[in-house]
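So this one's run.txt, compact mmCIF, C-alpha atoms and all ligand atoms:
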```txt
# COMPACT_ATOMS: atom_id res chain seq x y z
CA MET A 1030 8.78 11.77 16.10
CA LYS A 1031 7.22 8.36 16.68
CA SER A 1032 8.86 5.22 15.43
CA ILE A 1033 7.99 1.59 14.83
CA THR A 1034 10.73 -1.02 14.37
CA VAL A 1035 10.24 -3.68 11.73
CA ASN A 1036 11.97 -6.80 13.06
CA LEU A 1037 12.78 -9.30 10.34
CA LYS A 1038 15.08 -12.33 10.34
CA ASN A 1039 17.89 -10.73 8.34
CA LYS A 1040 17.18 -7.06 8.85
CA SER A 1041 15.50 -4.62 11.18
CA TYR A 1042 14.67 -1.05 10.27
CA PRO A 1043 12.62 1.86 11.59
CA ILE A 1044 9.49 3.53 10.30
CA TYR A 1045 9.38 7.13 11.52
CA ILE A 1046 6.20 9.18 11.71
CA ALA A 1047 7.32 12.79 11.90
CA SER A 1048 5.37 15.35 13.88
CA GLU A 1049 7.49 18.35 12.87
CA GLY A 1050 7.80 17.56 9.16
CA TRP A 1051 11.07 17.68 7.21
CA GLU A 1052 12.94 19.19 10.15
CA GLU A 1053 13.08 15.68 11.55
CA LEU A 1054 14.46 14.08 8.39
CA PRO A 1055 18.20 14.57 9.24
CA GLN A 1056 17.76 12.75 12.55
CA ALA A 1057 15.93 9.92 10.75
CA ILE A 1058 18.52 9.64 7.97
CA GLU A 1059 21.51 9.67 10.32
CA GLY A 1060 23.37 6.38 9.93
CA LYS A 1061 21.00 4.97 7.28
CA ILE A 1062 23.03 5.97 4.17
CA ARG A 1063 26.52 4.49 3.82
CA GLY A 1064 28.09 6.19 0.78
CA LYS A 1065 27.97 9.79 -0.37
CA LYS A 1066 25.76 9.49 -3.45
CA VAL A 1067 21.99 9.57 -3.33
CA LEU A 1068 19.52 9.42 -6.19
CA VAL A 1069 16.02 10.65 -5.36
CA VAL A 1070 13.24 9.23 -7.54
CA CYS A 1071 9.95 11.15 -7.64
CA ASP A 1072 7.15 11.83 -10.09
CA GLU A 1073 6.32 15.13 -11.81
CA ASN A 1074 3.63 15.99 -9.23
CA ILE A 1075 5.94 15.47 -6.26
CA LEU A 1076 8.95 17.27 -7.75
CA PRO A 1077 7.61 20.83 -7.21
CA LEU A 1078 5.96 19.96 -3.89
CA TYR A 1079 8.58 18.13 -1.85
CA TYR A 1080 11.85 17.54 -3.70
CA ASN A 1081 13.50 20.80 -2.63
CA SER A 1082 12.85 20.12 1.05
CA VAL A 1083 14.40 16.66 0.81
CA LYS A 1084 17.29 17.89 -1.33
CA SER A 1085 18.15 20.66 1.16
CA VAL A 1086 18.35 18.15 3.98
CA LEU A 1087 20.55 15.79 1.95
CA ILE A 1088 22.89 18.57 0.87
CA SER A 1089 23.15 19.95 4.40
CA MET A 1090 24.19 16.45 5.48
CA GLY A 1091 26.93 16.39 2.82
CA TYR A 1092 25.35 13.99 0.31
CA GLN A 1093 25.80 14.37 -3.45
CA THR A 1094 22.22 14.45 -4.59
CA ASP A 1095 20.60 13.94 -7.98
CA VAL A 1096 16.99 13.43 -8.98
CA ALA A 1097 15.24 11.19 -11.52
CA VAL A 1098 11.74 12.34 -12.41
CA ILE A 1099 9.11 9.94 -13.73
CA PRO A 1100 5.65 10.61 -15.18
CA PRO A 1101 2.92 10.08 -12.56
CA GLY A 1102 0.77 6.98 -12.88
CA GLU A 1103 0.86 3.20 -13.05
CA ALA A 1104 2.34 3.19 -16.58
CA SER A 1105 5.69 4.19 -15.06
CA LYS A 1106 6.07 0.73 -13.47
CA SER A 1107 7.41 -0.51 -16.82
CA PHE A 1108 10.54 -2.16 -18.22
CA ASP A 1109 11.14 0.94 -20.30
CA ARG A 1110 11.05 3.25 -17.29
CA ALA A 1111 13.20 0.83 -15.28
CA GLN A 1112 15.82 0.81 -18.03
CA ARG A 1113 15.91 4.62 -18.06
CA LEU A 1114 16.44 4.62 -14.30
CA TYR A 1115 19.33 2.14 -14.58
CA THR A 1116 20.86 4.47 -17.16
CA LYS A 1117 20.40 7.42 -14.83
CA ALA A 1118 21.94 5.44 -11.96
CA LEU A 1119 25.00 4.64 -14.12
CA GLU A 1120 25.32 8.22 -15.38
CA THR A 1121 25.07 9.52 -11.82
CA GLY A 1122 27.82 7.08 -10.84
CA LEU A 1123 25.85 5.22 -8.18
CA ASP A 1124 27.94 2.43 -6.71
CA ARG A 1125 27.24 -0.34 -4.24
CA SER A 1126 27.45 2.04 -1.30
CA SER A 1127 24.95 4.50 -2.83
CA SER A 1128 21.29 4.84 -2.00
CA ILE A 1129 18.03 5.47 -3.76
CA ILE A 1130 15.31 7.49 -2.07
CA ALA A 1131 11.77 6.79 -3.25
CA LEU A 1132 9.86 10.03 -2.67
CA GLY A 1133 6.20 9.73 -3.61
CA GLY A 1134 3.27 7.36 -3.91
CA GLY A 1135 3.22 3.61 -4.34
CA VAL A 1136 4.18 3.77 -8.01
CA THR A 1137 7.41 5.59 -7.17
CA GLY A 1138 8.08 3.31 -4.19
CA ASP A 1139 7.54 0.09 -6.16
CA LEU A 1140 9.60 1.23 -9.17
CA ALA A 1141 12.46 2.92 -7.29
CA GLY A 1142 12.50 0.02 -4.83
CA PHE A 1143 12.80 -2.43 -7.72
CA ILE A 1144 15.76 -0.46 -9.12
CA ALA A 1145 17.42 -0.38 -5.68
CA ALA A 1146 16.88 -4.15 -5.33
CA THR A 1147 18.45 -4.99 -8.71
CA TYR A 1148 21.02 -2.31 -9.58
CA MET A 1149 24.43 -3.85 -8.73
CA ARG A 1150 22.49 -6.68 -6.98
CA GLY A 1151 21.08 -4.27 -4.47
CA ILE A 1152 21.93 -0.84 -3.10
CA GLY A 1153 20.55 1.23 -0.22
CA LEU A 1154 16.86 2.14 -0.23
CA ILE A 1155 14.96 4.73 1.73
CA GLN A 1156 11.22 5.11 1.39
CA ILE A 1157 9.63 8.52 1.87
CA PRO A 1158 6.00 7.76 1.04
CA THR A 1159 3.76 10.75 0.35
CA SER A 1160 0.39 9.20 -0.54
CA LEU A 1161 -1.78 7.69 2.18
CA LEU A 1162 -1.74 4.35 0.37
CA ALA A 1163 2.05 4.35 0.31
CA GLN A 1164 2.29 5.43 3.95
CA VAL A 1165 0.05 2.69 5.36
CA ASP A 1166 0.66 -0.01 2.82
CA SER A 1167 3.09 -0.07 -0.09
CA SER A 1168 6.19 1.40 1.61
CA ILE A 1169 5.99 -1.21 4.37
CA GLY A 1170 6.88 -4.84 3.90
CA GLY A 1171 9.51 -4.79 1.20
CA LYS A 1172 7.50 -5.79 -1.85
CA VAL A 1173 8.88 -3.96 -4.88
CA ALA A 1174 7.83 -4.55 -8.47
CA ILE A 1175 7.22 -3.40 -11.98
CA ASN A 1176 4.42 -4.56 -14.28
CA HIS A 1177 4.56 -6.86 -17.29
CA PRO A 1178 2.16 -5.97 -20.12
CA LEU A 1179 0.28 -9.20 -19.26
CA ALA A 1180 0.18 -8.89 -15.46
CA LYS A 1181 0.63 -6.30 -12.73
CA ASN A 1182 3.46 -6.49 -10.15
CA ILE A 1183 4.70 -9.73 -11.65
CA ILE A 1184 8.41 -8.79 -11.94
CA GLY A 1185 9.67 -7.98 -8.48
CA ALA A 1186 11.44 -8.83 -5.29
CA PHE A 1187 11.19 -8.72 -1.53
CA TYR A 1188 13.62 -5.92 -0.73
CA GLN A 1189 13.45 -4.14 2.60
CA PRO A 1190 14.39 -0.45 2.88
CA ASN A 1191 16.87 0.91 5.42
CA MET A 1192 14.27 3.30 6.73
CA VAL A 1193 10.78 4.63 6.06
CA PHE A 1194 10.07 8.30 6.80
CA ILE A 1195 6.43 9.38 6.88
CA ASP A 1196 5.54 13.06 7.09
CA PRO A 1197 1.75 13.25 7.63
CA HIS A 1198 1.81 16.88 6.44
CA THR A 1199 2.30 15.63 2.87
CA LEU A 1200 -1.27 14.31 2.99
CA ILE A 1201 -2.60 17.88 2.88
CA SER A 1202 -1.75 18.17 -0.82
CA LEU A 1203 -3.04 14.71 -1.74
CA PRO A 1204 -6.08 14.83 -4.07
CA LEU A 1205 -9.37 13.77 -2.44
CA ARG A 1206 -9.77 10.56 -4.44
CA GLU A 1207 -6.18 9.47 -3.70
CA PHE A 1208 -6.77 10.16 -0.02
CA ALA A 1209 -9.88 7.97 -0.08
CA THR A 1210 -8.01 5.17 -1.82
CA GLY A 1211 -5.46 5.07 1.02
CA MET A 1212 -8.28 5.19 3.58
CA ALA A 1213 -9.58 1.90 2.16
CA GLU A 1214 -6.34 0.12 3.14
CA LEU A 1215 -6.24 1.85 6.53
CA ILE A 1216 -9.83 0.78 7.26
CA LYS A 1217 -8.95 -2.72 6.05
CA HIS A 1218 -6.20 -2.91 8.69
CA ALA A 1219 -8.75 -2.18 11.42
CA PHE A 1220 -11.20 -4.81 10.18
CA ILE A 1221 -8.58 -7.56 9.82
CA ALA A 1222 -6.79 -7.02 13.11
CA ASP A 1223 -8.16 -4.58 15.65
CA GLN A 1224 -11.71 -4.22 16.87
CA ASP A 1225 -10.81 -1.17 19.02
CA PHE A 1226 -9.32 0.55 16.00
CA ILE A 1227 -12.68 0.09 14.20
CA SER A 1228 -14.45 1.99 17.01
CA TRP A 1229 -11.69 4.62 17.02
CA LEU A 1230 -12.16 5.17 13.29
CA GLU A 1231 -15.92 5.54 13.78
CA ASP A 1232 -15.21 8.32 16.31
CA LYS A 1233 -12.46 10.08 14.39
CA MET A 1234 -13.50 9.80 10.75
CA GLU A 1235 -14.48 13.47 10.45
CA ALA A 1236 -11.14 14.65 11.82
CA LEU A 1237 -9.36 12.22 9.52
CA ILE A 1238 -11.06 13.31 6.34
CA SER A 1239 -10.56 16.94 7.24
CA ARG A 1240 -6.88 15.89 7.54
CA ASP A 1241 -6.23 16.94 11.08
CA ILE A 1242 -2.50 16.20 11.43
CA GLN A 1243 -2.57 14.77 14.96
CA THR A 1244 -5.47 12.44 14.16
CA LEU A 1245 -3.81 11.37 10.91
CA SER A 1246 -0.59 10.73 12.75
CA ASP A 1247 -2.36 8.52 15.32
CA ALA A 1248 -4.17 6.59 12.57
CA LEU A 1249 -0.94 6.12 10.58
CA TYR A 1250 0.81 4.81 13.66
CA ARG A 1251 -1.82 2.18 14.43
CA SER A 1252 -2.29 1.20 10.81
CA CYS A 1253 1.47 0.80 10.23
CA GLN A 1254 1.78 -1.23 13.44
CA ILE A 1255 -0.80 -3.69 12.12
CA LYS A 1256 0.88 -4.10 8.74
CA VAL A 1257 4.31 -4.42 10.40
CA SER A 1258 3.14 -7.12 12.77
CA VAL A 1259 1.72 -9.18 9.89
CA VAL A 1260 4.88 -8.72 7.79
CA GLU A 1261 7.11 -9.65 10.74
CA GLN A 1262 5.29 -12.95 11.10
CA ASP A 1263 5.34 -13.78 7.38
CA GLU A 1264 7.85 -11.71 5.42
CA LYS A 1265 7.64 -13.69 2.16
CA GLU A 1266 3.84 -14.17 2.06
CA THR A 1267 3.70 -17.90 2.58
CA GLY A 1268 0.69 -17.80 4.89
CA LEU A 1269 -0.46 -15.19 7.38
CA ARG A 1270 0.42 -12.23 5.14
CA MET A 1271 -2.50 -13.28 2.93
CA ILE A 1272 -4.89 -11.73 5.45
CA LEU A 1273 -3.81 -8.35 4.08
CA ASN A 1274 -5.73 -9.34 0.97
CA PHE A 1275 -9.14 -8.88 2.60
CA GLY A 1276 -11.27 -7.16 -0.07
CA HIS A 1277 -8.63 -7.80 -2.70
CA THR A 1278 -9.80 -10.99 -4.43
CA ILE A 1279 -13.02 -9.29 -5.50
CA GLY A 1280 -11.34 -5.85 -5.59
CA HIS A 1281 -8.66 -6.94 -8.07
CA ALA A 1282 -11.30 -8.64 -10.19
CA ILE A 1283 -13.40 -5.45 -10.23
CA GLU A 1284 -10.34 -3.41 -11.26
CA ALA A 1285 -9.48 -5.85 -14.04
CA ALA A 1286 -13.05 -6.26 -15.29
CA THR A 1287 -13.44 -2.47 -15.51
CA GLY A 1288 -10.15 -1.98 -17.36
CA TYR A 1289 -8.24 -0.40 -14.42
CA SER A 1290 -9.82 2.93 -15.27
CA LYS A 1291 -13.23 3.26 -13.64
CA TYR A 1292 -12.18 2.76 -10.01
CA THR A 1293 -9.01 3.44 -8.07
CA HIS A 1294 -7.43 0.47 -6.28
CA GLY A 1295 -8.84 1.54 -2.91
CA GLU A 1296 -12.32 2.08 -4.32
CA ALA A 1297 -12.28 -1.44 -5.76
CA VAL A 1298 -10.96 -2.83 -2.46
CA ALA A 1299 -13.70 -0.98 -0.53
CA MET A 1300 -16.38 -2.67 -2.63
CA GLY A 1301 -14.42 -5.92 -2.44
CA MET A 1302 -14.51 -5.81 1.37
CA VAL A 1303 -18.27 -5.28 1.34
CA TYR A 1304 -18.93 -8.10 -1.15
CA GLU A 1305 -16.54 -10.48 0.61
CA SER A 1306 -18.31 -9.67 3.87
CA LYS A 1307 -21.60 -10.51 2.17
CA ILE A 1308 -20.18 -13.90 1.24
CA ALA A 1309 -19.06 -14.35 4.85
CA MET A 1310 -22.53 -13.41 6.10
CA ASN A 1311 -24.21 -15.85 3.72
CA MET A 1312 -21.83 -18.54 5.01
CA GLY A 1313 -22.98 -17.74 8.54
CA LEU A 1314 -19.61 -16.34 9.66
CA ILE A 1315 -20.72 -12.80 10.55
CA SER A 1316 -23.99 -10.89 10.93
CA GLN A 1317 -25.58 -7.99 9.04
CA ASP A 1318 -24.37 -5.63 11.77
CA TYR A 1319 -20.77 -6.18 10.59
CA ILE A 1320 -21.64 -5.14 7.04
CA ASP A 1321 -23.62 -2.11 8.26
CA ARG A 1322 -20.66 -0.80 10.26
CA LEU A 1323 -18.19 -1.46 7.44
CA VAL A 1324 -20.42 0.28 4.87
CA CYS A 1325 -20.97 3.25 7.17
CA ILE A 1326 -17.22 3.79 7.74
CA LEU A 1327 -16.41 3.40 4.04
CA LYS A 1328 -19.12 5.89 3.04
CA LYS A 1329 -17.82 8.47 5.52
CA ALA A 1330 -14.38 8.00 3.94
CA ASN A 1331 -15.82 8.85 0.49
CA LEU A 1332 -15.52 5.30 -0.79
CA PRO A 1333 -18.05 3.37 -2.89
CA THR A 1334 -19.66 0.35 -1.25
CA GLN A 1335 -21.37 -1.27 -4.24
CA LEU A 1336 -21.04 -1.47 -8.00
CA ASP A 1337 -23.42 0.69 -10.04
CA THR A 1338 -24.40 -2.34 -12.10
CA PRO A 1339 -23.11 -5.60 -10.63
CA GLU A 1340 -22.35 -7.99 -13.47
CA TRP A 1341 -20.78 -10.94 -11.74
CA ASP A 1342 -19.80 -13.23 -14.61
CA PRO A 1343 -16.83 -11.20 -15.90
CA ILE A 1344 -15.76 -10.40 -12.34
CA ILE A 1345 -15.84 -14.02 -11.20
CA ASP A 1346 -13.97 -15.06 -14.38
CA ARG A 1347 -11.25 -12.62 -13.40
CA MET A 1348 -11.08 -14.04 -9.89
CA ALA A 1349 -9.93 -17.34 -11.33
CA TYR A 1350 -6.81 -15.52 -12.67
CA ASP A 1351 -5.92 -13.96 -9.34
CA LYS A 1352 -2.31 -14.56 -8.25
CA LYS A 1353 -3.42 -15.99 -4.90
CA ASN A 1354 -5.35 -18.85 -6.50
CA MET A 1355 -3.97 -22.30 -6.22
CA ASP A 1356 -5.41 -25.08 -8.43
CA GLN A 1357 -8.39 -23.16 -9.85
CA ARG A 1358 -9.95 -22.69 -6.44
CA ILE A 1359 -10.66 -19.13 -5.49
CA VAL A 1360 -8.87 -17.98 -2.35
CA LEU A 1361 -10.87 -15.55 -0.26
CA VAL A 1362 -9.99 -13.78 2.97
CA LEU A 1363 -13.24 -13.61 4.92
CA PRO A 1364 -14.16 -11.91 8.19
CA THR A 1365 -15.12 -14.20 11.03
CA ARG A 1366 -15.68 -11.45 13.62
CA TYR A 1367 -14.70 -7.81 14.22
CA GLY A 1368 -10.92 -7.49 13.89
CA LYS A 1369 -10.46 -11.05 12.64
CA VAL A 1370 -10.29 -12.67 9.20
CA GLU A 1371 -9.42 -16.14 7.97
CA VAL A 1372 -8.20 -17.51 4.64
CA PHE A 1373 -10.65 -19.78 2.79
CA LYS A 1374 -9.11 -21.81 -0.02
CA ASP A 1375 -11.84 -24.13 -1.20
CA LEU A 1376 -14.53 -22.01 -2.80
CA ASN A 1377 -15.36 -22.50 -6.45
CA PRO A 1378 -16.83 -19.90 -8.82
CA ASP A 1379 -20.39 -21.32 -8.67
CA GLN A 1380 -20.48 -21.21 -4.87
CA ILE A 1381 -19.22 -17.63 -4.93
CA LYS A 1382 -21.87 -16.59 -7.41
CA ARG A 1383 -24.56 -18.10 -5.18
CA LEU A 1384 -23.14 -16.53 -2.01
CA LEU A 1385 -23.08 -13.07 -3.59
CA LYS A 1386 -26.81 -13.11 -4.27
N1 LIG B 1401 4.52 -2.87 -2.63
C1 LIG B 1401 3.38 -3.10 -2.04
O1 LIG B 1401 3.28 -3.84 -1.05
C2 LIG B 1401 2.16 -2.41 -2.56
C3 LIG B 1401 0.97 -2.43 -1.83
C4 LIG B 1401 -0.11 -1.72 -2.31
C5 LIG B 1401 -0.01 -1.04 -3.53
N2 LIG B 1401 1.15 -1.04 -4.22
C6 LIG B 1401 1.30 -0.31 -5.47
O2 LIG B 1401 1.14 1.08 -5.18
C7 LIG B 1401 0.71 1.74 -6.36
C8 LIG B 1401 -0.37 2.73 -6.02
O3 LIG B 1401 0.14 3.67 -5.11
P1 LIG B 1401 -0.50 5.13 -4.99
O4 LIG B 1401 -1.95 4.99 -4.83
O5 LIG B 1401 0.28 5.88 -4.01
O6 LIG B 1401 -0.29 5.68 -6.46
P2 LIG B 1401 0.66 6.81 -7.08
O7 LIG B 1401 2.06 6.62 -6.70
O8 LIG B 1401 0.36 6.83 -8.54
O9 LIG B 1401 0.13 8.14 -6.41
C9 LIG B 1401 -1.19 8.56 -6.71
C10 LIG B 1401 -1.19 9.99 -7.24
O10 LIG B 1401 -1.04 10.88 -6.15
C11 LIG B 1401 0.05 11.77 -6.39
N3 LIG B 1401 0.61 12.07 -5.09
C12 LIG B 1401 1.26 11.23 -4.24
N4 LIG B 1401 1.53 11.84 -3.09
C13 LIG B 1401 1.04 13.11 -3.20
C14 LIG B 1401 1.00 14.22 -2.32
N5 LIG B 1401 1.46 14.16 -1.09
N6 LIG B 1401 0.44 15.36 -2.80
C15 LIG B 1401 -0.08 15.44 -4.05
N7 LIG B 1401 -0.08 14.41 -4.90
C16 LIG B 1401 0.47 13.26 -4.48
C17 LIG B 1401 0.95 11.05 -7.34
O11 LIG B 1401 1.74 11.95 -8.08
C18 LIG B 1401 -0.06 10.31 -8.22
O12 LIG B 1401 -0.56 11.17 -9.20
C19 LIG B 1401 0.27 0.66 -7.34
O13 LIG B 1401 1.22 0.55 -8.37
C20 LIG B 1401 0.25 -0.61 -6.49
O14 LIG B 1401 0.55 -1.76 -7.23
C21 LIG B 1401 2.23 -1.72 -3.76
ZN ZN B 1402 -4.37 -3.03 -1.77
```

Would you mind writing the file out in structure tokens?
Ligand SMILES: NC(=O)c1ccc[n+]([C@@H]2O[C@H](COP(=O)([O-])OP(=O)(O)OC[C@H]3O[C@@H](n4cnc5c(N)ncnc54)[C@H](O)[C@@H]3O)[C@@H](O)[C@H]2O)c1
Ligand SMILES: [Zn+2]
Amino acid sequence: MKSITVNLKNKSYPIYIASEGWEELPQAIEGKIRGKKVLVVCDENILPLYYNSVKSVLISMGYQTDVAVIPPGEASKSFDRAQRLYTKALETGLDRSSSIIALGGGVTGDLAGFIAATYMRGIGLIQIPTSLLAQVDSSIGGKVAINHPLAKNIIGAFYQPNMVFIDPHTLISLPLREFATGMAELIKHAFIADQDFISWLEDKMEALISRDIQTLSDALYRSCQIKVSVVEQDEKETGLRMILNFGHTIGHAIEAATGYSKYTHGEAVAMGMVYESKIAMNMGLISQDYIDRLVCILKKANLPTQLDTPEWDPIIDRMAYDKKNMDQRIVLVLPTRYGKVEVFKDLNPDQIKRLLK
């Protein structure tokens, strides 16, 4: 079992990447749960796949274990669902020494994490991410949130877990499109921070998409290390952490302009990375070779690299609403060379339209 320590000012905690699966969970949990009561939150897809394995471990360790099951999908990050979980927490008798385990994808992690952050002003939280996106991205860094009908992820907190346990074997059951969506974030980590990791991904992409466990485990390790190092330097996203948004200014706008239904988040981010790289190329920051390599890797990972019919006006309008924008300027994270990006804060919509041509 490999581990990475997340070192933050007020808290440090481990991320474990298991090689032997659930067998290693007891060792990982040891000392991370104070009280005796644990509430596992998972969605209806995860319940039949992985809940029993986790429950057996918890029971063998003497914990009183209950489960709250949510419908799969983004709609579960709602006030209504949060209220039902608070009710369940009260009915189960969770107290300040109890813990919540988020077992599932990013939706489960964000929602269950939000409950853990707010119930009784904060109780224990353990993340057991099962989607690739959750393993390389959402379970790390402590952002937890639910959605408001007017805006996504707008009600939330920074709330770090006591431990993250990643079992790469769970990726075997992940649907193809969900796997690709996580690959977009993993590839993003290489392009923002590690030129050698880009070359490694070029070599190993076939093994990764055929879900070879050892290769996945190596990729998870490097990808998590990159996210951890950014989060350690800027826990509350006041500066550096923005580099994780490479591909996201345009990606979010694509998602919003297409009603959050046509593309998954990772698919939109994949196209966002390509279009943002085009802007960078037209600004003279990088060359065509960069875009060619990025497109080639994304294609091998089953991700789209361009819109079927690019209609920029509605997309650029959406960019003006992006959370990262300060004073109507559009903030873009642009590549400046392989494994390096910088934050640009002064572009206006007209310039962006011109640079995308
Ligand atoms: N907190 C953060 O820093 C952060 C970062 C990125 C994204 N997010 C959030 O993450 C969410 C998206 O996460 P996601 O893509 O994991 O979505 P998700 O949780 O909806 O999972 C995607 C689908 O895959 C299924 N699934 C998950 N693991 C599986 C497995 N091992 N086998 C079979 N099916 C499995 C789920 O049931 C679901 O149907 C969004 O709400 C987004 O806002 C948060
Ligand atoms: Zn993302």

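Using only C-alpha atoms for every distance, the candidate list A:Arg1206, A:Arg1063, A:Lys1307, A:Arg1110 yields A:Arg1206 as the residue closest to Leu1332 in chain A.
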
Put the listed atoms of range 1149-1154 of chain A in a box along x, y and z with 6 Å added on every side and give me the centre and edge lengths in Å to one decimal, as AutoDock Vina command-line options.
```
--center_x 20.6 --center_y -2.3 --center_z -4.5 --size_x 19.6 --size_y 20.8 --size_z 20.5
```

Please report as CSV every residue of range 1252-1326 of chain A lying within 8 Å of range 1167-1176 of chain A, along with the nearest atom pair and their distance in Å (one decimal), using all atoms listed in the file.
```
residue,atom,partner,partner_atom,distance
A:Cys1253,CA,A:Ile1169,CA,7.7
A:Lys1256,CA,A:Ile1169,CA,7.3
A:Val1257,CA,A:Gly1170,CA,7.0
A:Val1260,CA,A:Gly1170,CA,5.8
A:Glu1264,CA,A:Gly1170,CA,7.1
```

Within 9 Å of range 1124-1137 of chain A, counting all atoms listed in the file, which residues qualify if same-chain residues fewer than 2 places away don't, as a PDB file with C-alpha atoms, in the frame of the given file?
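Output contents, as saved in part36.pdb:
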```
ATOM      1  CA  ILE A1062      23.030   5.970   4.170  1.00  0.00           C
ATOM      2  CA  ARG A1063      26.520   4.490   3.820  1.00  0.00           C
ATOM      3  CA  GLY A1064      28.090   6.190   0.780  1.00  0.00           C
ATOM      4  CA  LYS A1065      27.970   9.790  -0.370  1.00  0.00           C
ATOM      5  CA  LYS A1066      25.760   9.490  -3.450  1.00  0.00           C
ATOM      6  CA  VAL A1067      21.990   9.570  -3.330  1.00  0.00           C
ATOM      7  CA  LEU A1068      19.520   9.420  -6.190  1.00  0.00           C
ATOM      8  CA  VAL A1069      16.020  10.650  -5.360  1.00  0.00           C
ATOM      9  CA  VAL A1070      13.240   9.230  -7.540  1.00  0.00           C
ATOM     10  CA  CYS A1071       9.950  11.150  -7.640  1.00  0.00           C
ATOM     11  CA  ASP A1072       7.150  11.830 -10.090  1.00  0.00           C
ATOM     12  CA  ASN A1074       3.630  15.990  -9.230  1.00  0.00           C
ATOM     13  CA  ILE A1075       5.940  15.470  -6.260  1.00  0.00           C
ATOM     14  CA  LEU A1076       8.950  17.270  -7.750  1.00  0.00           C
ATOM     15  CA  TYR A1079       8.580  18.130  -1.850  1.00  0.00           C
ATOM     16  CA  TYR A1080      11.850  17.540  -3.700  1.00  0.00           C
ATOM     17  CA  VAL A1083      14.400  16.660   0.810  1.00  0.00           C
ATOM     18  CA  ILE A1099       9.110   9.940 -13.730  1.00  0.00           C
ATOM     19  CA  PRO A1101       2.920  10.080 -12.560  1.00  0.00           C
ATOM     20  CA  GLY A1102       0.770   6.980 -12.880  1.00  0.00           C
ATOM     21  CA  GLU A1103       0.860   3.200 -13.050  1.00  0.00           C
ATOM     22  CA  ALA A1104       2.340   3.190 -16.580  1.00  0.00           C
ATOM     23  CA  SER A1105       5.690   4.190 -15.060  1.00  0.00           C
ATOM     24  CA  LYS A1106       6.070   0.730 -13.470  1.00  0.00           C
ATOM     25  CA  ALA A1118      21.940   5.440 -11.960  1.00  0.00           C
ATOM     26  CA  LEU A1119      25.000   4.640 -14.120  1.00  0.00           C
ATOM     27  CA  GLY A1122      27.820   7.080 -10.840  1.00  0.00           C
ATOM     28  CA  ASP A1139       7.540   0.090  -6.160  1.00  0.00           C
ATOM     29  CA  LEU A1140       9.600   1.230  -9.170  1.00  0.00           C
ATOM     30  CA  ALA A1141      12.460   2.920  -7.290  1.00  0.00           C
ATOM     31  CA  GLY A1142      12.500   0.020  -4.830  1.00  0.00           C
ATOM     32  CA  ILE A1144      15.760  -0.460  -9.120  1.00  0.00           C
ATOM     33  CA  ALA A1145      17.420  -0.380  -5.680  1.00  0.00           C
ATOM     34  CA  TYR A1148      21.020  -2.310  -9.580  1.00  0.00           C
ATOM     35  CA  MET A1149      24.430  -3.850  -8.730  1.00  0.00           C
ATOM     36  CA  ARG A1150      22.490  -6.680  -6.980  1.00  0.00           C
ATOM     37  CA  GLY A1151      21.080  -4.270  -4.470  1.00  0.00           C
ATOM     38  CA  ILE A1152      21.930  -0.840  -3.100  1.00  0.00           C
ATOM     39  CA  GLY A1153      20.550   1.230  -0.220  1.00  0.00           C
ATOM     40  CA  LEU A1154      16.860   2.140  -0.230  1.00  0.00           C
ATOM     41  CA  ILE A1155      14.960   4.730   1.730  1.00  0.00           C
ATOM     42  CA  GLN A1156      11.220   5.110   1.390  1.00  0.00           C
ATOM     43  CA  ILE A1157       9.630   8.520   1.870  1.00  0.00           C
ATOM     44  CA  PRO A1158       6.000   7.760   1.040  1.00  0.00           C
ATOM     45  CA  THR A1159       3.760  10.750   0.350  1.00  0.00           C
ATOM     46  CA  SER A1160       0.390   9.200  -0.540  1.00  0.00           C
ATOM     47  CA  LEU A1161      -1.780   7.690   2.180  1.00  0.00           C
ATOM     48  CA  LEU A1162      -1.740   4.350   0.370  1.00  0.00           C
ATOM     49  CA  ALA A1163       2.050   4.350   0.310  1.00  0.00           C
ATOM     50  CA  GLN A1164       2.290   5.430   3.950  1.00  0.00           C
ATOM     51  CA  ASP A1166       0.660  -0.010   2.820  1.00  0.00           C
ATOM     52  CA  SER A1167       3.090  -0.070  -0.090  1.00  0.00           C
ATOM     53  CA  SER A1168       6.190   1.400   1.610  1.00  0.00           C
ATOM     54  CA  ILE A1175       7.220  -3.400 -11.980  1.00  0.00           C
TER      55      ILE A1175
END
```

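Distances here use only C-alpha atoms and all ligand atoms; by that measure, the residue among A:Gly1313, A:Gly1295, A:Pro1077, A:Gly1091 closest to ligand ZN 1402 (chain B) is A:Gly1295.
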
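Across A:Ile1255, A:Val1165, A:Ile1044, A:Leu1230, the tightest approach to ligand LIG 1401 (chain B) is made by A:Val1165 when counting all atoms listed in the file.
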
- Quick one: everything within 10 Å of Pro1343 in chain A, counting only C-alpha atoms, minus sequence neighbours fewer than 5 positions away in the same chain. Send it as an NGL selection string. :A and (1282-1283 or 1285-1287 or 1348)

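For the choices A:His1294, A:Lys1265, A:Lys1233, A:Arg1383, the atom-to-atom distance to ligand LIG 1401 (chain B) is smallest for A:His1294 when using all atoms listed in the file.
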